[in-house]
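Okay, so here's the structure we're looking at.
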Amino acid sequence: MSAPVKIAVSNGTTNGATNGNTNGALNGATNGATQEVNGADLKKMKNANPPKVYIGSPHKEFNPSSNDSMDGNQFPADPLQCRIEPYSPYNSCTYEIVQSVAEFLLSRVTIRPKIGIICGSGMDGTTGCLADALTDSTSFPYETIPYFPTPTVPGHMGRLVFGYLGDVPVMCMQGRFHYYEGYPLWKCAMPVRVMKLVGVTHLLASNAAGGLNNNYKVGDIMIIKDHINLLGFAGNNPLMGPNDERFGPRFPAINRAYDYSVRRMAKAVASEMNINNIVHEGVYSVVGGPSFETIAEIRMLAALGVDAVGMSTVHEVITARHCGMTSFAFSLITNKSVTDYESYEEPNHAEVIDMGKHREPVLKEFIARLVKKIEHDRQQSK
Ligand SMILES: O=P(O)(O)O[C@H]1O[C@H](CO)[C@@H](O)[C@H]1O
Ligand SMILES: Nc1nc2[nH]cnc2c(=O)[nH]1
């Protein structure tokens, strides 16, 4: 019997299904109150580009009406049900699709944000937080946005909110996407490209992380100065696959990923808020998750110079840098990584979320002040 046929499916067309489809879902842009986008017809739009089916190695043309290539496997009668494209490791979200998503959003809000914020676990406003502090806001549940993934993790609400933080226009992701949810990294980071085409120039990402550095306490903030991309070491990067130069170069430099001047502003904010004692600067490492680390893994990461470990952010920052955005990120240390074989402590997601909620007021002010400084700096350098 020959080897099972591998079916790779691509999205096929590049013309955004959303083009010309911008009418109606949200009536009136902003009127001082939060509005929710009505998801009518969006399911239809999401399915508007049926995928083309290709056969991988050994290469041959797939004929859905012939059973001989099926190797006895029971496939659904409709081959389109064999879609695996959303889970392809290679980016199948074209520039045109991202553009159509950006246009979809821009046609429904009057606000034109230059700063994009991603809220980490527990900081997403399930209990009222940063995004709820926005005024004149418009929110889009992720499932109402064409081509957007939807989050599956508690503590990640799943709304894109446009509004003013103080007097600065921002867009805010209440909930992000992780590799362990089953999404490929390019898809986890796709909203960052949407931000870029909406006009965002600065990305601010937050996350919850385990603290390895002995000087860190639970509840501390770590400004990320660098990362170790363990997923990348294992051959997984959001930029894998065909490169579209309209986003950025094939081989982007990443050594200046965490902008020096924004980090300096963040430290100035910490001084103004008199919280220098809980604010550090350090190295973040991403792991795939969802299992937390073993003691041997934590010891290895500590030996490599890692100060905090988590399961996000790096793919977002790489994608942002690739398309020329300035990026900044910080970790909230939600738990101390266990390094002792005698310890009965175990990390858990509930404590991660609780710490995010507990630190909400401090983080909200930290971000609001930082956003104000970035905007001021942006205006000055015009
Ligand atoms: O990085 P964020 O999304 O803040 O969440 C962190 O917290 C979760 C584990 O509790 C993981 O998803 C980890 O990445
Ligand atoms: N990988 C990882 N992610 C986290 N997110 C919050 N805490 C942790 C942790 O200890 N390890």
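By order of appearance in the structure tokens: chains A, B, ..., then residues from 1 within every chain, and ligands from 1 in the order shown.
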
Give me, as a ChimeraX atom specification, the set of residues whose atoms come within 7 Å of any atom of ligand 1, counting only C-alpha atoms and all ligand atoms.
/A:120-121,176,178,206-209,290,310-313,348-349,352

Please produce a file of the residues just selected, as an mmCIF file, in the first residue's frame, where the atoms kept are N, CA and C atoms.
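part_7.cif was written with the following content:
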data_model
loop_
_atom_site.group_PDB
_atom_site.id
_atom_site.type_symbol
_atom_site.label_atom_id
_atom_site.label_comp_id
_atom_site.auth_asym_id
_atom_site.auth_seq_id
_atom_site.Cartn_x
_atom_site.Cartn_y
_atom_site.Cartn_z
ATOM 1 N N GLY A 120 -2.377 40.888 28.281
ATOM 2 C CA GLY A 120 -1.994 39.536 28.663
ATOM 3 C C GLY A 120 -3.045 38.848 29.519
ATOM 4 N N SER A 121 -2.756 37.603 29.896
ATOM 5 C CA SER A 121 -3.676 36.796 30.707
ATOM 6 C C SER A 121 -4.091 37.530 31.971
ATOM 7 N N ARG A 176 -5.441 37.402 23.409
ATOM 8 C CA ARG A 176 -4.521 37.094 22.317
ATOM 9 C C ARG A 176 -4.590 35.606 21.969
ATOM 10 N N HIS A 178 -2.471 31.935 21.233
ATOM 11 C CA HIS A 178 -1.259 31.210 21.622
ATOM 12 C C HIS A 178 -1.083 29.987 20.737
ATOM 13 N N SER A 206 1.571 43.090 26.625
ATOM 14 C CA SER A 206 1.784 42.673 28.014
ATOM 15 C C SER A 206 1.546 41.175 28.104
ATOM 16 N N ASN A 207 2.143 40.568 29.114
ATOM 17 C CA ASN A 207 1.896 39.145 29.311
ATOM 18 C C ASN A 207 2.043 38.780 30.779
ATOM 19 N N ALA A 208 1.536 37.608 31.095
ATOM 20 C CA ALA A 208 1.755 37.014 32.412
ATOM 21 C C ALA A 208 2.913 36.036 32.260
ATOM 22 N N ALA A 209 3.803 36.010 33.235
ATOM 23 C CA ALA A 209 4.975 35.131 33.090
ATOM 24 C C ALA A 209 5.421 34.602 34.441
ATOM 25 N N PRO A 290 0.992 23.991 26.354
ATOM 26 C CA PRO A 290 0.397 24.619 27.532
ATOM 27 C C PRO A 290 0.904 24.081 28.872
ATOM 28 N N GLY A 310 7.184 32.563 29.518
ATOM 29 C CA GLY A 310 5.762 32.556 29.186
ATOM 30 C C GLY A 310 5.516 31.852 27.865
ATOM 31 N N MET A 311 4.310 32.011 27.343
ATOM 32 C CA MET A 311 3.908 31.272 26.135
ATOM 33 C C MET A 311 3.381 32.205 25.057
ATOM 34 N N SER A 312 3.838 33.441 25.051
ATOM 35 C CA SER A 312 3.270 34.386 24.072
ATOM 36 C C SER A 312 4.267 35.467 23.676
ATOM 37 N N THR A 313 3.768 36.537 23.138
ATOM 38 C CA THR A 313 4.447 37.828 22.912
ATOM 39 C C THR A 313 5.530 37.809 21.838
ATOM 40 N N ASN A 348 -0.344 27.477 38.388
ATOM 41 C CA ASN A 348 -1.644 27.179 37.786
ATOM 42 C C ASN A 348 -2.238 28.451 37.191
ATOM 43 N N HIS A 349 -3.099 28.267 36.212
ATOM 44 C CA HIS A 349 -3.622 29.402 35.442
ATOM 45 C C HIS A 349 -4.526 30.304 36.285
ATOM 46 N N VAL A 352 -2.500 32.819 37.946
ATOM 47 C CA VAL A 352 -1.996 33.743 36.920
ATOM 48 C C VAL A 352 -3.051 34.830 36.669
#

Which of stretch 165-305 of chain A fall in strand (DSSP E or B), as a PyMOL selection string:
chain A and resi 165+168-174+202-211+221-229+258+279-286

Near ligand 2, 7 Å: chain A residue rows, closest pairs, only C-alpha atoms and all ligand atoms, as JSON lines:
{"residue": "A:Ala208", "atom": "CA", "partner": "ligand 2", "partner_atom_place_in_ligand_line": "6 (C)", "distance": 4.6}
{"residue": "A:Ala209", "atom": "CA", "partner": "ligand 2", "partner_atom_place_in_ligand_line": "6 (C)", "distance": 3.7}
{"residue": "A:Gly210", "atom": "CA", "partner": "ligand 2", "partner_atom_place_in_ligand_line": "10 (O)", "distance": 3.4}
{"residue": "A:Gly211", "atom": "CA", "partner": "ligand 2", "partner_atom_place_in_ligand_line": "10 (O)", "distance": 6.8}
{"residue": "A:Val286", "atom": "CA", "partner": "ligand 2", "partner_atom_place_in_ligand_line": "1 (N)", "distance": 6.9}
{"residue": "A:Val287", "atom": "CA", "partner": "ligand 2", "partner_atom_place_in_ligand_line": "1 (N)", "distance": 5.8}
{"residue": "A:Gly289", "atom": "CA", "partner": "ligand 2", "partner_atom_place_in_ligand_line": "1 (N)", "distance": 6.0}
{"residue": "A:Phe292", "atom": "CA", "partner": "ligand 2", "partner_atom_place_in_ligand_line": "11 (N)", "distance": 5.0}
{"residue": "A:Glu293", "atom": "CA", "partner": "ligand 2", "partner_atom_place_in_ligand_line": "11 (N)", "distance": 6.1}
{"residue": "A:Val309", "atom": "CA", "partner": "ligand 2", "partner_atom_place_in_ligand_line": "2 (C)", "distance": 5.0}
{"residue": "A:Gly310", "atom": "CA", "partner": "ligand 2", "partner_atom_place_in_ligand_line": "3 (N)", "distance": 3.3}
{"residue": "A:Met311", "atom": "CA", "partner": "ligand 2", "partner_atom_place_in_ligand_line": "3 (N)", "distance": 5.2}
{"residue": "A:Thr334", "atom": "CA", "partner": "ligand 2", "partner_atom_place_in_ligand_line": "7 (N)", "distance": 5.7}
{"residue": "A:Asn335", "atom": "CA", "partner": "ligand 2", "partner_atom_place_in_ligand_line": "7 (N)", "distance": 5.7}
{"residue": "A:Lys336", "atom": "CA", "partner": "ligand 2", "partner_atom_place_in_ligand_line": "10 (O)", "distance": 6.8}
{"residue": "A:Ser337", "atom": "CA", "partner": "ligand 2", "partner_atom_place_in_ligand_line": "10 (O)", "distance": 5.4}
{"residue": "A:Pro347", "atom": "CA", "partner": "ligand 2", "partner_atom_place_in_ligand_line": "10 (O)", "distance": 6.0}
{"residue": "A:Val352", "atom": "CA", "partner": "ligand 2", "partner_atom_place_in_ligand_line": "6 (C)", "distance": 5.6}

From A:Leu363, A:Met190, A:Val279, A:Met355, residue lying nearest A:Val101 [only C-alpha atoms]:
A:Met190

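Each of A:His280, A:His358, A:Arg369, A:Lys187 was checked against A:Asn91 using only C-alpha atoms; the smallest atom-to-atom distance is that of A:Lys187.
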
Close residues, A:Phe148 itself excluded, 12 Å, only C-alpha atoms, min 2 positions apart in chain, as a PDB file with N, CA and C atoms, in the first residue's frame:
ATOM      1  N   LEU A  42     -21.268  37.744   8.696  1.00  0.00           N
ATOM      2  CA  LEU A  42     -19.810  37.604   8.691  1.00  0.00           C
ATOM      3  C   LEU A  42     -19.379  36.157   8.521  1.00  0.00           C
ATOM      4  N   LYS A  43     -20.198  35.243   9.032  1.00  0.00           N
ATOM      5  CA  LYS A  43     -19.868  33.831   8.821  1.00  0.00           C
ATOM      6  C   LYS A  43     -19.768  33.565   7.340  1.00  0.00           C
ATOM      7  N   MET A  45     -19.122  35.710   5.050  1.00  0.00           N
ATOM      8  CA  MET A  45     -17.931  36.354   4.503  1.00  0.00           C
ATOM      9  C   MET A  45     -16.688  35.522   4.782  1.00  0.00           C
ATOM     10  N   LYS A  46     -16.620  34.946   5.993  1.00  0.00           N
ATOM     11  CA  LYS A  46     -15.454  34.154   6.350  1.00  0.00           C
ATOM     12  C   LYS A  46     -15.292  32.955   5.414  1.00  0.00           C
ATOM     13  N   PRO A  86      -6.327  26.469   8.019  1.00  0.00           N
ATOM     14  CA  PRO A  86      -6.122  27.334   9.183  1.00  0.00           C
ATOM     15  C   PRO A  86      -4.977  26.864  10.068  1.00  0.00           C
ATOM     16  N   CYS A  93      -2.377  33.771   4.961  1.00  0.00           N
ATOM     17  CA  CYS A  93      -3.175  34.989   5.051  1.00  0.00           C
ATOM     18  C   CYS A  93      -2.459  36.072   4.243  1.00  0.00           C
ATOM     19  N   ILE A  97      -5.798  39.984   2.109  1.00  0.00           N
ATOM     20  CA  ILE A  97      -6.768  39.611   3.144  1.00  0.00           C
ATOM     21  C   ILE A  97      -6.596  40.506   4.369  1.00  0.00           C
ATOM     22  N   VAL A  98      -5.341  40.707   4.787  1.00  0.00           N
ATOM     23  CA  VAL A  98      -5.098  41.567   5.953  1.00  0.00           C
ATOM     24  C   VAL A  98      -5.623  42.975   5.668  1.00  0.00           C
ATOM     25  N   SER A 100      -8.030  43.775   3.703  1.00  0.00           N
ATOM     26  CA  SER A 100      -9.499  43.809   3.720  1.00  0.00           C
ATOM     27  C   SER A 100     -10.026  43.825   5.154  1.00  0.00           C
ATOM     28  N   VAL A 101      -9.305  43.162   6.062  1.00  0.00           N
ATOM     29  CA  VAL A 101      -9.717  43.193   7.471  1.00  0.00           C
ATOM     30  C   VAL A 101      -9.521  44.601   8.026  1.00  0.00           C
ATOM     31  N   ALA A 102      -8.385  45.211   7.681  1.00  0.00           N
ATOM     32  CA  ALA A 102      -8.128  46.588   8.149  1.00  0.00           C
ATOM     33  C   ALA A 102      -9.208  47.529   7.611  1.00  0.00           C
ATOM     34  N   PHE A 104     -12.215  46.750   6.716  1.00  0.00           N
ATOM     35  CA  PHE A 104     -13.459  46.405   7.417  1.00  0.00           C
ATOM     36  C   PHE A 104     -13.559  47.205   8.726  1.00  0.00           C
ATOM     37  N   LEU A 105     -12.445  47.230   9.469  1.00  0.00           N
ATOM     38  CA  LEU A 105     -12.446  47.930  10.763  1.00  0.00           C
ATOM     39  C   LEU A 105     -12.498  49.443  10.559  1.00  0.00           C
ATOM     40  N   PHE A 140     -15.178  45.217  18.865  1.00  0.00           N
ATOM     41  CA  PHE A 140     -15.510  44.172  17.897  1.00  0.00           C
ATOM     42  C   PHE A 140     -15.196  42.821  18.528  1.00  0.00           C
ATOM     43  N   PRO A 141     -16.205  42.035  18.883  1.00  0.00           N
ATOM     44  CA  PRO A 141     -15.909  40.658  19.290  1.00  0.00           C
ATOM     45  C   PRO A 141     -15.151  39.969  18.146  1.00  0.00           C
ATOM     46  N   TYR A 142     -14.124  39.219  18.497  1.00  0.00           N
ATOM     47  CA  TYR A 142     -13.270  38.648  17.440  1.00  0.00           C
ATOM     48  C   TYR A 142     -14.059  37.840  16.412  1.00  0.00           C
ATOM     49  N   GLU A 143     -15.117  37.164  16.898  1.00  0.00           N
ATOM     50  CA  GLU A 143     -15.838  36.301  15.936  1.00  0.00           C
ATOM     51  C   GLU A 143     -16.614  37.103  14.906  1.00  0.00           C
ATOM     52  N   THR A 144     -16.711  38.410  15.111  1.00  0.00           N
ATOM     53  CA  THR A 144     -17.404  39.233  14.114  1.00  0.00           C
ATOM     54  C   THR A 144     -16.434  39.844  13.104  1.00  0.00           C
ATOM     55  N   ILE A 145     -15.143  39.599  13.286  1.00  0.00           N
ATOM     56  CA  ILE A 145     -14.159  40.172  12.368  1.00  0.00           C
ATOM     57  C   ILE A 145     -13.753  39.098  11.360  1.00  0.00           C
ATOM     58  N   PRO A 146     -13.893  39.382  10.078  1.00  0.00           N
ATOM     59  CA  PRO A 146     -13.548  38.377   9.076  1.00  0.00           C
ATOM     60  C   PRO A 146     -12.113  37.889   9.256  1.00  0.00           C
ATOM     61  N   THR A 150     -10.273  33.093  17.050  1.00  0.00           N
ATOM     62  CA  THR A 150     -10.997  33.379  18.290  1.00  0.00           C
ATOM     63  C   THR A 150     -10.265  32.712  19.450  1.00  0.00           C
ATOM     64  N   PRO A 151     -10.154  33.416  20.585  1.00  0.00           N
ATOM     65  CA  PRO A 151      -9.371  32.855  21.686  1.00  0.00           C
ATOM     66  C   PRO A 151     -10.123  31.756  22.418  1.00  0.00           C
ATOM     67  N   GLY A 158     -11.439  38.291  24.072  1.00  0.00           N
ATOM     68  CA  GLY A 158     -11.748  38.157  22.653  1.00  0.00           C
ATOM     69  C   GLY A 158     -12.499  39.325  22.064  1.00  0.00           C
ATOM     70  N   ARG A 159     -11.972  40.521  22.281  1.00  0.00           N
ATOM     71  CA  ARG A 159     -12.582  41.712  21.678  1.00  0.00           C
ATOM     72  C   ARG A 159     -11.477  42.657  21.220  1.00  0.00           C
ATOM     73  N   LEU A 160     -11.708  43.295  20.109  1.00  0.00           N
ATOM     74  CA  LEU A 160     -10.807  44.341  19.642  1.00  0.00           C
ATOM     75  C   LEU A 160     -11.509  45.662  19.926  1.00  0.00           C
ATOM     76  N   MET A 173      -6.235  44.873  21.953  1.00  0.00           N
ATOM     77  CA  MET A 173      -6.674  43.478  21.858  1.00  0.00           C
ATOM     78  C   MET A 173      -6.942  42.965  23.269  1.00  0.00           C
ATOM     79  N   ARG A 176      -5.441  37.402  23.409  1.00  0.00           N
ATOM     80  CA  ARG A 176      -4.521  37.094  22.317  1.00  0.00           C
ATOM     81  C   ARG A 176      -4.590  35.606  21.969  1.00  0.00           C
ATOM     82  N   PHE A 177      -3.738  35.210  21.024  1.00  0.00           N
ATOM     83  CA  PHE A 177      -3.740  33.828  20.543  1.00  0.00           C
ATOM     84  C   PHE A 177      -2.390  33.181  20.826  1.00  0.00           C
ATOM     85  N   TYR A 183      -3.342  27.137  17.043  1.00  0.00           N
ATOM     86  CA  TYR A 183      -3.139  28.058  15.923  1.00  0.00           C
ATOM     87  C   TYR A 183      -1.657  28.090  15.548  1.00  0.00           C
ATOM     88  N   TRP A 186       1.836  32.154  12.684  1.00  0.00           N
ATOM     89  CA  TRP A 186       1.467  33.264  11.798  1.00  0.00           C
ATOM     90  C   TRP A 186       0.045  33.725  12.091  1.00  0.00           C
ATOM     91  N   LYS A 187      -0.801  32.763  12.461  1.00  0.00           N
ATOM     92  CA  LYS A 187      -2.195  33.125  12.723  1.00  0.00           C
ATOM     93  C   LYS A 187      -2.329  33.812  14.087  1.00  0.00           C
ATOM     94  N   CYS A 188      -1.530  33.339  15.048  1.00  0.00           N
ATOM     95  CA  CYS A 188      -1.529  34.005  16.360  1.00  0.00           C
ATOM     96  C   CYS A 188      -1.148  35.478  16.192  1.00  0.00           C
ATOM     97  N   ALA A 189      -0.246  35.748  15.254  1.00  0.00           N
ATOM     98  CA  ALA A 189       0.292  37.105  15.103  1.00  0.00           C
ATOM     99  C   ALA A 189      -0.420  37.916  14.033  1.00  0.00           C
ATOM    100  N   MET A 190      -1.373  37.306  13.336  1.00  0.00           N
ATOM    101  CA  MET A 190      -2.050  38.003  12.239  1.00  0.00           C
ATOM    102  C   MET A 190      -2.673  39.339  12.673  1.00  0.00           C
ATOM    103  N   PRO A 191      -3.252  39.441  13.889  1.00  0.00           N
ATOM    104  CA  PRO A 191      -3.822  40.737  14.286  1.00  0.00           C
ATOM    105  C   PRO A 191      -2.794  41.873  14.327  1.00  0.00           C
ATOM    106  N   VAL A 192      -1.535  41.527  14.522  1.00  0.00           N
ATOM    107  CA  VAL A 192      -0.498  42.577  14.536  1.00  0.00           C
ATOM    108  C   VAL A 192      -0.371  43.187  13.143  1.00  0.00           C
ATOM    109  N   ARG A 193      -0.472  42.345  12.125  1.00  0.00           N
ATOM    110  CA  ARG A 193      -0.432  42.876  10.758  1.00  0.00           C
ATOM    111  C   ARG A 193      -1.674  43.716  10.467  1.00  0.00           C
ATOM    112  N   VAL A 194      -2.793  43.300  11.052  1.00  0.00           N
ATOM    113  CA  VAL A 194      -4.007  44.114  10.895  1.00  0.00           C
ATOM    114  C   VAL A 194      -3.767  45.485  11.519  1.00  0.00           C
TER     115      VAL A 194
END

Find the residues near A:Arg299: any atom within 8 Å, counting only C-alpha atoms, skip ones fewer than 4 places away on the same chain, and give them as a count of residues only.
3

Which neighbours of A:Glu272 fall inside 10 Å, counting only C-alpha atoms, when residues of the same chain fewer than 4 positions from it are skipped, and could you give them as a list of chain:residue names?
A:Ala266, A:Lys267, A:Ala268, A:Asn276, A:Phe366, A:Arg369

C-alpha atoms of the current selection, written as an mmCIF file, in the first residue's frame:
data_model
loop_
_atom_site.group_PDB
_atom_site.id
_atom_site.type_symbol
_atom_site.label_atom_id
_atom_site.label_comp_id
_atom_site.auth_asym_id
_atom_site.auth_seq_id
_atom_site.Cartn_x
_atom_site.Cartn_y
_atom_site.Cartn_z
ATOM 1 C CA ALA A 266 8.691 53.040 30.766
ATOM 2 C CA LYS A 267 11.397 53.401 33.409
ATOM 3 C CA ALA A 268 10.590 57.106 33.696
ATOM 4 C CA ASN A 276 10.788 51.430 40.846
ATOM 5 C CA PHE A 366 1.516 52.308 33.899
ATOM 6 C CA ARG A 369 1.188 57.080 31.270
#

Just the residues within 9 Å of A:Ile278, please, counting only C-alpha atoms, with nothing from its chain fewer than 2 positions along; format it as a VMD selection string.
chain A and resid 216 to 217 219 to 222 270 275 to 276 280

Test item: residues at most 6 Å from stretch 168-172 of chain A, only C-alpha atoms, excluding those fewer than 3 positions along its chain, as JSON, numbers by chain:
{"A": [113, 115, 116, 117, 118, 160, 161, 162, 163, 164, 165]}

Can you spit out the residues from that selection as a CSV table (one decimal), in the first residue's frame, using C-alpha atoms?
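The result, written out as selection37.csv:
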chain,number,residue,atom,x,y,z
A,113,PRO,CA,-4.9,54.8,16.3
A,115,ILE,CA,-0.7,52.7,19.2
A,116,GLY,CA,-1.8,49.1,19.5
A,117,ILE,CA,-2.0,47.3,22.9
A,118,ILE,CA,-2.2,43.6,23.5
A,160,LEU,CA,-10.8,44.3,19.6
A,161,VAL,CA,-11.5,47.7,21.1
A,162,PHE,CA,-10.9,51.1,19.5
A,163,GLY,CA,-11.0,54.2,21.8
A,164,TYR,CA,-9.2,56.9,23.6
A,165,LEU,CA,-6.8,56.2,26.5

Would you please work out which residue, of A:Tyr147, A:Tyr341, A:Tyr90, A:Tyr284, is nearest to A:Lys225 when using only C-alpha atoms?
A:Tyr284

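Our summary of the geometry notes that atom CA of A:Ala320 is positioned 7.1 Å from atom CA of A:Leu203.
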
Point-to-point distance from atom CA of A:Pro184 to atom CA of A:Ser285, Å rounded to tenths:
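Going from atom CA of A:Pro184 over to atom CA of A:Ser285 covers 18.2 Å.
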